[in-house]
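Undergrad: Below is the structure I would like to discuss, written out as structure tokens.
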Protein chains: 2
Amino acid sequence: MALIVQKYGGTSVGSVERIKNVARRVAKWQRAGHQLVVVVSAMSGETNRLIALAKEVQPNPDPRELDVVASTGEQVTIGLTAMALKELGLKAKSYTGPQVHVLTDSAFTKARILEIDERKIRADLNDGYIVVVAGFQGVDEFGNITTLGRGGSDTSAVALAAALKADECMIFTDVDGVYTTDPRIVPEARRLHTVTFEEMLEMASLGSKVLQIRSVEFAGKYNVRLRVLSSLTDPDLPIEQEANSGTLITYEGDKAMAMEKAVVSGIAFSRDEAKITLTRVPDRPGIAYQILGPIAEANIDVDMIVQNVSVDGYTDFSFTVHRNEYAKAMDVLNSKVKAHIGAREIVGDPRICKVSVVGIGMRSHVGIASLMFRTLAEEGINIQMIATSEIKISVVVDDKYMELAVRALHRAFGLEHAPA
Amino acid sequence: MALIVQKYGGTSVGSVERIKNVARRVAKWQRAGHQLVVVVSAMSGETNRLIALAKEVQPNPDPRELDVVASTGEQVTIGLTAMALKELGLKAKSYTGPQVHVLTDSAFTKARILEIDERKIRADLNDGYIVVVAGFQGVDEFGNITTLGRGGSDTSAVALAAALKADECMIFTDVDGVYTTDPRIVPEARRLHTVTFEEMLEMASLGSKVLQIRSVEFAGKYNVRLRVLSSLTDPDLPIEQEANSGTLITYEGDKAMAMEKAVVSGIAFSRDEAKITLTRVPDRPGIAYQILGPIAEANIDVDMIVQNVSVDGYTDFSFTVHRNEYAKAMDVLNSKVKAHIGAREIVGDPRICKVSVVGIGMRSHVGIASLMFRTLAEEGINIQMIATSEIKISVVVDDKYMELAVRALHRAFGLEHAPA
């Protein structure tokens, strides 16, 4: 008997019919003798509907109240899912985030999970219940309702799996796994049977969008066995088959997995970013903090950061932020940073994209970067920024070259063929 | 400075525009120096939508899970209402029932309030906040979400007013007060400036539907000053004018109020009932309990009860229940009661109505009943059941005579004229 956490996203619970399918799938796993915790999102479209309603009342909705409103989406789904399970004759019970003390910080609309009290859930499981928990939401130390932000349901599932020491956390979604790149752009893209946490992290953060990045971090930190698989298959698919479908996220240290790894696992990309450059910044200690401190205070996440070498005591400083936060970041820089640090000007460009080559194997291989840059050069694509890590090389290029760059790199690294 | 609880029903918060109007009205009262607690219902149509969704999943929805789903309706409204207040530049904070510990029993879908912890609300009021609380919902001792059943938001408002010792509880609704009878049936119907708790209780239970009956009981028990008034007036109506609008529910003992009272205050009626008769029941001690005990156990409320005099040791026993529970009541009687007590047959009729003459003044007056019966006789209306209390005489008549009976009685008691 295993304890399994299954998470179903908005599309998977997007209609009454789909919720009934979720119930059938969950029932199948329970009948096979497993204990099930089911984490669900709001029905697709519902969160957007609620946010739109809020914006009609207050164009810039109060974050605390927005969470009160938005969290109802998942609350409806847990009730309906528990009903669907009961209708199949199973014991089921739903809980909101606050009800099982998913304790978070107080950063409304983007809260972080601090702790989960798993005792109530464990007691129910031992009593034979399937426990249905609302993803995306929690409660802060003052009893306020919080939400984890978009995609937070994945994190809820992984956090629950960690708290319960679950045997596996299965993230059911509308794709059937992690691919070498987006098949909509490269038809030859191939599903990976396994991918390391580190690669997954890079893939997720770079726009593969299969899993929410925070959930992958969480899973890595707490050794949660994590699998991404499709909820669009027949709910009565035999268990042995379903158990090996999708993509399993593995640990880097797992030798058996490493054996079959290619040097490069995939090509990731993102159009969600914008580039900001401060030119002719005096190059003195603490300057990076003076620039990025106010950005962090405004709760804006920064992704790539590049600082050029100093010339005559001045440097250029560039970074990327989420495109939605571009205007806000520019505001912060113009009002709080520019005059203070004495930069010449602040220039921004939201029409960029980021393309990355990702692979745990690239650490022990030379020539990956040069193959990447050569490939882009041959296609006539100008590189605006470069950032590298142990398992990833990212470049920022003009928006319009994205598909071209991804296809060329996928081919150059031979990703259409399974590794030997 | 007064502490005022204002309750706005589903129609009053039925759209973003109306929620903004509620905020303007509340703001007006706060600017006049009062402390405000605002209790809101789900936006009109929302509770029905949620229940319909639940029934699609489970035709007979699990009550615990139904409450999880249904309670989201009010949760959306509190968030939106708090936002609308903030948009006007006011301090506002929303709370769900569980968040302010509206402790109820565990009778899902029809829970009763046991206790409210008012400390959080009081602290917020003292900090200058307008506090917005979700009506209709609470939490049981095990942390389960409960709802109070239809109309429960009125009870929430009164319970909060009692816990906070509020100066007045204003129930804003889509009618402008309590009338001598329904103006849609009798155009000459007149708004009562005051009505006693007891009369209101009779009026509400008999279908005036202005206030939920349990809220009136609650208000009486805890000495809450209760006013029903319209939310459809201009939200910027001067406070002095609004403060005296609608109908104030008064205590019977209040002499000043009693002075202006007529003998009969109004004609109430209800089409929501059904009549059930058990014929030739052995007339022995405990028989009423044997019949109504199983009905109560099935959570069915009984209204009128009439037992005829015994003939040859047998009697006929009749009572009325809500029309929605008619089938269930018949089931209970046929399966659990009939054979057990040895009744000859059980006959029911859902096509009846109840018409009542209500008035605190009738206690000291004779002849009310005879005028009522004579009036009905003159119209050729046959009376099927009669029940009387200190301040009410009710008759059950055929459904089709309802309007006729109400109009004739309104005229016979001269209710179109204000009392001298």
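Following the order of the structure tokens, chains are lettered A, B, ..., residues in each are numbered from 1, and ligands are numbered from 1.
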What's around A:Asn299 at 12 Å? Count only C-alpha atoms, leave out sequence neighbours fewer than 4 positions away in its own chain, and write the answer as a list of chain:residue names.
TA: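 Contacts, in chain order: A:Ala107, A:Phe108, A:Thr109, A:Lys110, A:Ala111, A:Leu292, A:Gly293, A:Pro294, A:Ile295, A:Val321, A:His322, A:Glu325, A:Lys328, A:Ala329, A:Val332.
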Undergrad: List every residue of chain B that has an atom at most 10 Å from any atom of chain A, giving for each one its closest atom pair and the distance in Å to one decimal, counting only C-alpha atoms, sorted by chain and then by ascending residue number, as CSV.
TA:
```
residue,atom,partner,partner_atom,distance
B:Ser15,CA,A:Leu53,CA,9.6
B:Val16,CA,A:Val57,CA,6.1
B:Glu17,CA,A:Val57,CA,8.2
B:Ile19,CA,A:Val57,CA,8.0
B:Lys20,CA,A:Val57,CA,7.2
B:Leu50,CA,A:Val76,CA,8.1
B:Leu53,CA,A:Val16,CA,7.7
B:Ala54,CA,A:Leu80,CA,6.0
B:Lys55,CA,A:Leu80,CA,9.2
B:Glu56,CA,A:Val16,CA,6.9
B:Val57,CA,A:Ala84,CA,5.7
B:Gln58,CA,A:Met83,CA,5.9
B:Pro59,CA,A:Glu87,CA,8.7
B:Asn60,CA,A:Glu87,CA,9.0
B:Pro61,CA,A:Met83,CA,6.6
B:Asp62,CA,A:Met83,CA,6.3
B:Pro63,CA,A:Met83,CA,9.4
B:Arg64,CA,A:Gly79,CA,8.4
B:Glu65,CA,A:Gly79,CA,4.7
B:Leu66,CA,A:Gly79,CA,6.5
B:Asp67,CA,A:Gly79,CA,8.1
B:Val68,CA,A:Gly79,CA,5.7
B:Val69,CA,A:Val76,CA,4.6
B:Ala70,CA,A:Val76,CA,7.8
B:Ser71,CA,A:Thr72,CA,8.8
B:Thr72,CA,A:Thr72,CA,5.3
B:Gly73,CA,A:Thr72,CA,8.1
B:Glu74,CA,A:Val69,CA,9.5
B:Gln75,CA,A:Val69,CA,6.4
B:Val76,CA,A:Val69,CA,4.6
B:Thr77,CA,A:Val69,CA,7.7
B:Ile78,CA,A:Val69,CA,7.9
B:Gly79,CA,A:Glu65,CA,4.7
B:Leu80,CA,A:Ala54,CA,6.0
B:Thr81,CA,A:Val57,CA,8.2
B:Ala82,CA,A:Glu65,CA,6.8
B:Met83,CA,A:Gln58,CA,6.0
B:Ala84,CA,A:Val57,CA,5.7
B:Leu85,CA,A:Gln58,CA,9.3
B:Lys86,CA,A:Asp62,CA,7.8
B:Glu87,CA,A:Gln58,CA,6.0
B:Leu88,CA,A:Gln58,CA,9.5
B:Ala92,CA,A:Glu65,CA,9.5
B:Lys93,CA,A:Glu65,CA,7.6
B:Ser94,CA,A:Glu65,CA,7.0
B:Tyr95,CA,A:Asn144,CA,8.4
B:Thr96,CA,A:Val68,CA,8.5
B:Pro98,CA,A:Gln99,CA,9.7
B:Gln99,CA,A:Gly143,CA,6.8
B:Val100,CA,A:Gly143,CA,9.4
B:Phe142,CA,A:Gln99,CA,9.9
B:Gly143,CA,A:Gln99,CA,6.8
B:Asn144,CA,A:Gln99,CA,7.8
B:Ile145,CA,A:Gln99,CA,8.9
```
Undergrad: Of the candidates A:Asn223, A:Asn244, A:Gln30, A:Ser265, which one gets nearest to A:Ala162 if we count only C-alpha atoms?
TA: A:Asn223
Undergrad: Between B:Leu125, B:Val38, B:Val26, B:Val397, which is the closest to B:Leu237 once you count only C-alpha atoms?
TA: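 Answer, going by the shortest atom-to-atom distance: B:Val26.
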Undergrad: For atom CA of A:Arg351 and atom CA of A:Glu217, determine how far apart the two atoms are, in Å to one decimal place.
TA: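 For atom CA of A:Arg351 relative to atom CA of A:Glu217, the distance reads 28.8 Å.
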Undergrad: Could you pull out the residues in stretch 55-304 of chain A that DSSP calls strand (DSSP E or B) from the backbone, as a ChimeraX atom specification?
TA: /A:92-95,102-104,113-116,130-134,137-139,145-147,168-173,178-179,191-192,194-196,226-230,247-250,266-270,273-282,302-304
Undergrad: Store the residues picked out above in a file with C-alpha atoms, as a PDB file, in the first residue's frame.
TA:
```pdb
ATOM      1  CA  ALA A  92     -14.307  11.164   0.822  1.00  0.00           C
ATOM      2  CA  LYS A  93     -13.854  14.418   2.667  1.00  0.00           C
ATOM      3  CA  SER A  94     -12.793  17.850   1.434  1.00  0.00           C
ATOM      4  CA  TYR A  95     -10.642  20.464   3.134  1.00  0.00           C
ATOM      5  CA  VAL A 102      -1.591  25.169   5.246  1.00  0.00           C
ATOM      6  CA  LEU A 103       0.334  27.878   7.026  1.00  0.00           C
ATOM      7  CA  THR A 104       1.830  30.520   4.750  1.00  0.00           C
ATOM      8  CA  ILE A 113       3.920  27.694   2.396  1.00  0.00           C
ATOM      9  CA  LEU A 114       5.697  27.488   5.748  1.00  0.00           C
ATOM     10  CA  GLU A 115       4.142  24.422   7.311  1.00  0.00           C
ATOM     11  CA  ILE A 116       1.301  21.938   6.962  1.00  0.00           C
ATOM     12  CA  ILE A 130      -9.960   9.839   0.222  1.00  0.00           C
ATOM     13  CA  VAL A 131      -8.937  13.325   1.263  1.00  0.00           C
ATOM     14  CA  VAL A 132      -9.521  16.176  -1.181  1.00  0.00           C
ATOM     15  CA  VAL A 133      -7.558  19.351  -0.478  1.00  0.00           C
ATOM     16  CA  ALA A 134      -7.834  22.749  -2.135  1.00  0.00           C
ATOM     17  CA  GLN A 137      -4.461  28.456  -0.858  1.00  0.00           C
ATOM     18  CA  GLY A 138      -3.514  28.658   2.791  1.00  0.00           C
ATOM     19  CA  VAL A 139      -3.844  30.760   5.896  1.00  0.00           C
ATOM     20  CA  ILE A 145      -6.838  33.587   3.776  1.00  0.00           C
ATOM     21  CA  THR A 146      -3.862  33.601   1.415  1.00  0.00           C
ATOM     22  CA  THR A 147      -3.221  32.287  -2.080  1.00  0.00           C
ATOM     23  CA  GLU A 168       4.738   9.641  -4.986  1.00  0.00           C
ATOM     24  CA  CYS A 169       3.236  12.946  -6.014  1.00  0.00           C
ATOM     25  CA  MET A 170       1.503  12.632  -9.379  1.00  0.00           C
ATOM     26  CA  ILE A 171       0.782  15.904 -11.155  1.00  0.00           C
ATOM     27  CA  PHE A 172      -1.975  15.269 -13.682  1.00  0.00           C
ATOM     28  CA  THR A 173      -2.050  17.886 -16.375  1.00  0.00           C
ATOM     29  CA  VAL A 178       8.210  16.861 -20.220  1.00  0.00           C
ATOM     30  CA  TYR A 179       9.477  17.159 -23.772  1.00  0.00           C
ATOM     31  CA  ARG A 191       8.977  12.991 -24.344  1.00  0.00           C
ATOM     32  CA  LEU A 192      11.615  12.447 -21.646  1.00  0.00           C
ATOM     33  CA  THR A 194      12.982  10.987 -16.718  1.00  0.00           C
ATOM     34  CA  VAL A 195      14.380  14.399 -16.139  1.00  0.00           C
ATOM     35  CA  THR A 196      16.494  15.527 -13.213  1.00  0.00           C
ATOM     36  CA  LEU A 226       7.364  13.680  -8.528  1.00  0.00           C
ATOM     37  CA  ARG A 227       5.714  12.574 -11.763  1.00  0.00           C
ATOM     38  CA  VAL A 228       3.989  14.647 -14.437  1.00  0.00           C
ATOM     39  CA  LEU A 229       1.392  12.774 -16.446  1.00  0.00           C
ATOM     40  CA  SER A 230      -1.720  13.242 -18.513  1.00  0.00           C
ATOM     41  CA  THR A 247       7.850  11.979 -16.933  1.00  0.00           C
ATOM     42  CA  LEU A 248       9.423  11.111 -13.613  1.00  0.00           C
ATOM     43  CA  ILE A 249      11.515  13.808 -12.024  1.00  0.00           C
ATOM     44  CA  THR A 250      14.663  12.126 -10.685  1.00  0.00           C
ATOM     45  CA  GLY A 266      16.058  20.029 -23.958  1.00  0.00           C
ATOM     46  CA  ILE A 267      15.603  23.487 -25.331  1.00  0.00           C
ATOM     47  CA  ALA A 268      13.596  25.796 -23.126  1.00  0.00           C
ATOM     48  CA  PHE A 269      12.269  29.212 -23.989  1.00  0.00           C
ATOM     49  CA  SER A 270      10.221  32.031 -22.628  1.00  0.00           C
ATOM     50  CA  GLU A 273      10.326  38.410 -19.983  1.00  0.00           C
ATOM     51  CA  ALA A 274      11.477  41.937 -20.530  1.00  0.00           C
ATOM     52  CA  LYS A 275      14.978  43.341 -20.485  1.00  0.00           C
ATOM     53  CA  ILE A 276      16.055  46.440 -18.594  1.00  0.00           C
ATOM     54  CA  THR A 277      19.441  48.110 -18.863  1.00  0.00           C
ATOM     55  CA  LEU A 278      20.930  50.913 -16.793  1.00  0.00           C
ATOM     56  CA  THR A 279      23.730  52.524 -18.730  1.00  0.00           C
ATOM     57  CA  ARG A 280      26.868  54.221 -17.403  1.00  0.00           C
ATOM     58  CA  VAL A 281      26.360  53.275 -13.794  1.00  0.00           C
ATOM     59  CA  PRO A 282      29.246  54.238 -11.480  1.00  0.00           C
ATOM     60  CA  VAL A 302      14.500  39.224 -11.327  1.00  0.00           C
ATOM     61  CA  ASP A 303      15.735  36.458 -13.605  1.00  0.00           C
ATOM     62  CA  MET A 304      18.926  37.012 -15.621  1.00  0.00           C
TER      63      MET A 304
END
```
Undergrad: If DSSP is run on the backbone, what residues of stretch 136-240 of chain A are alpha helix (DSSP H)? A reply as an MDAnalysis selection string would be ideal.
TA: chainID A and resid 152:164 197:203 213:221 239:240
Undergrad: Would you export the selected residues with C-alpha atoms as a PDB file, in the first residue's frame, please?
TA:
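result-v3.pdb was written with the following content:
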```pdb
ATOM      1  CA  GLY A 152       0.376  27.338  -6.722  1.00  0.00           C
ATOM      2  CA  SER A 153      -1.671  24.164  -6.719  1.00  0.00           C
ATOM      3  CA  ASP A 154       1.396  22.176  -7.810  1.00  0.00           C
ATOM      4  CA  THR A 155       3.241  23.526  -4.809  1.00  0.00           C
ATOM      5  CA  SER A 156       0.328  22.648  -2.540  1.00  0.00           C
ATOM      6  CA  ALA A 157       0.454  19.063  -3.803  1.00  0.00           C
ATOM      7  CA  VAL A 158       4.188  18.707  -3.338  1.00  0.00           C
ATOM      8  CA  ALA A 159       4.068  20.340   0.105  1.00  0.00           C
ATOM      9  CA  LEU A 160       1.340  17.911   1.150  1.00  0.00           C
ATOM     10  CA  ALA A 161       3.332  14.990  -0.246  1.00  0.00           C
ATOM     11  CA  ALA A 162       6.351  16.158   1.745  1.00  0.00           C
ATOM     12  CA  ALA A 163       4.366  16.629   4.963  1.00  0.00           C
ATOM     13  CA  LEU A 164       2.751  13.207   4.566  1.00  0.00           C
ATOM     14  CA  PHE A 197      15.199  18.033 -10.690  1.00  0.00           C
ATOM     15  CA  GLU A 198      17.829  20.481 -11.801  1.00  0.00           C
ATOM     16  CA  GLU A 199      16.897  20.188 -15.440  1.00  0.00           C
ATOM     17  CA  MET A 200      13.220  20.373 -14.615  1.00  0.00           C
ATOM     18  CA  LEU A 201      13.850  23.499 -12.623  1.00  0.00           C
ATOM     19  CA  GLU A 202      15.541  25.104 -15.585  1.00  0.00           C
ATOM     20  CA  MET A 203      12.865  23.846 -17.953  1.00  0.00           C
ATOM     21  CA  ILE A 213       8.852  26.109 -10.510  1.00  0.00           C
ATOM     22  CA  ARG A 214       8.341  26.467  -6.783  1.00  0.00           C
ATOM     23  CA  SER A 215       6.831  22.996  -6.618  1.00  0.00           C
ATOM     24  CA  VAL A 216       9.942  21.524  -8.222  1.00  0.00           C
ATOM     25  CA  GLU A 217      12.213  23.276  -5.710  1.00  0.00           C
ATOM     26  CA  PHE A 218      10.008  22.026  -2.938  1.00  0.00           C
ATOM     27  CA  ALA A 219      10.071  18.459  -4.246  1.00  0.00           C
ATOM     28  CA  GLY A 220      13.863  18.561  -4.507  1.00  0.00           C
ATOM     29  CA  LYS A 221      14.273  19.936  -1.024  1.00  0.00           C
ATOM     30  CA  ILE A 239      -2.693   1.099 -13.144  1.00  0.00           C
ATOM     31  CA  GLU A 240       0.652  -0.502 -14.154  1.00  0.00           C
TER      32      GLU A 240
END
```
Undergrad: In Å to one decimal, how far is atom CA of B:Glu378 from atom CA of B:Lys392?
TA: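 Answer for the atom CA of B:Lys392 to atom CA of B:Glu378 separation: 20.8 Å.
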Undergrad: Would you pick out the contacts of B:Ala412 at 9 Å or less, using only C-alpha atoms, so that residues sharing its chain but fewer than 5 positions from it are not included, and give the list as a PyMOL selection string?
TA: chain B and resi 371-372+375+407
Undergrad: Can you list, as a list of chain:residue names, every protein, DNA or RNA residue that comes within 7 Å of A:Ala189 when you count only C-alpha atoms, leaving out same-chain residues fewer than 4 positions away?
TA: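 The residues that qualify are A:Tyr179, A:Thr180, A:Thr181, A:Asp182, A:Pro183, A:Glu416.
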Undergrad: Rank B:Gly414, B:Tyr326, B:Ile352, B:Met385 by their smallest atom-to-atom distance to B:Asn308, using only C-alpha atoms, and report the top residue only.
TA: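 Of B:Gly414, B:Tyr326, B:Ile352, B:Met385, the one nearest B:Asn308 is B:Met385, counting only C-alpha atoms.
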Undergrad: Could you tell me how far atom CA of A:Asn126 sits from atom CA of A:Leu3, in Å to one decimal place?
TA: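 Rounded to one decimal, the two atoms are 10.7 Å apart.
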Undergrad: Which residue, B:Ala52, B:Val306, B:Glu379, B:Gly313, has the smallest gap to B:Pro285 when you use only C-alpha atoms?
TA: B:Gly313
Undergrad: Identify which of the residues B:Gln290, B:Ser310, B:Ser12, B:Asn21 lies closest to B:Gly45, counting only C-alpha atoms when measuring atom-to-atom distances.
TA: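 Looking only at the distances to B:Gly45, the closest residue turns out to be B:Ser12.
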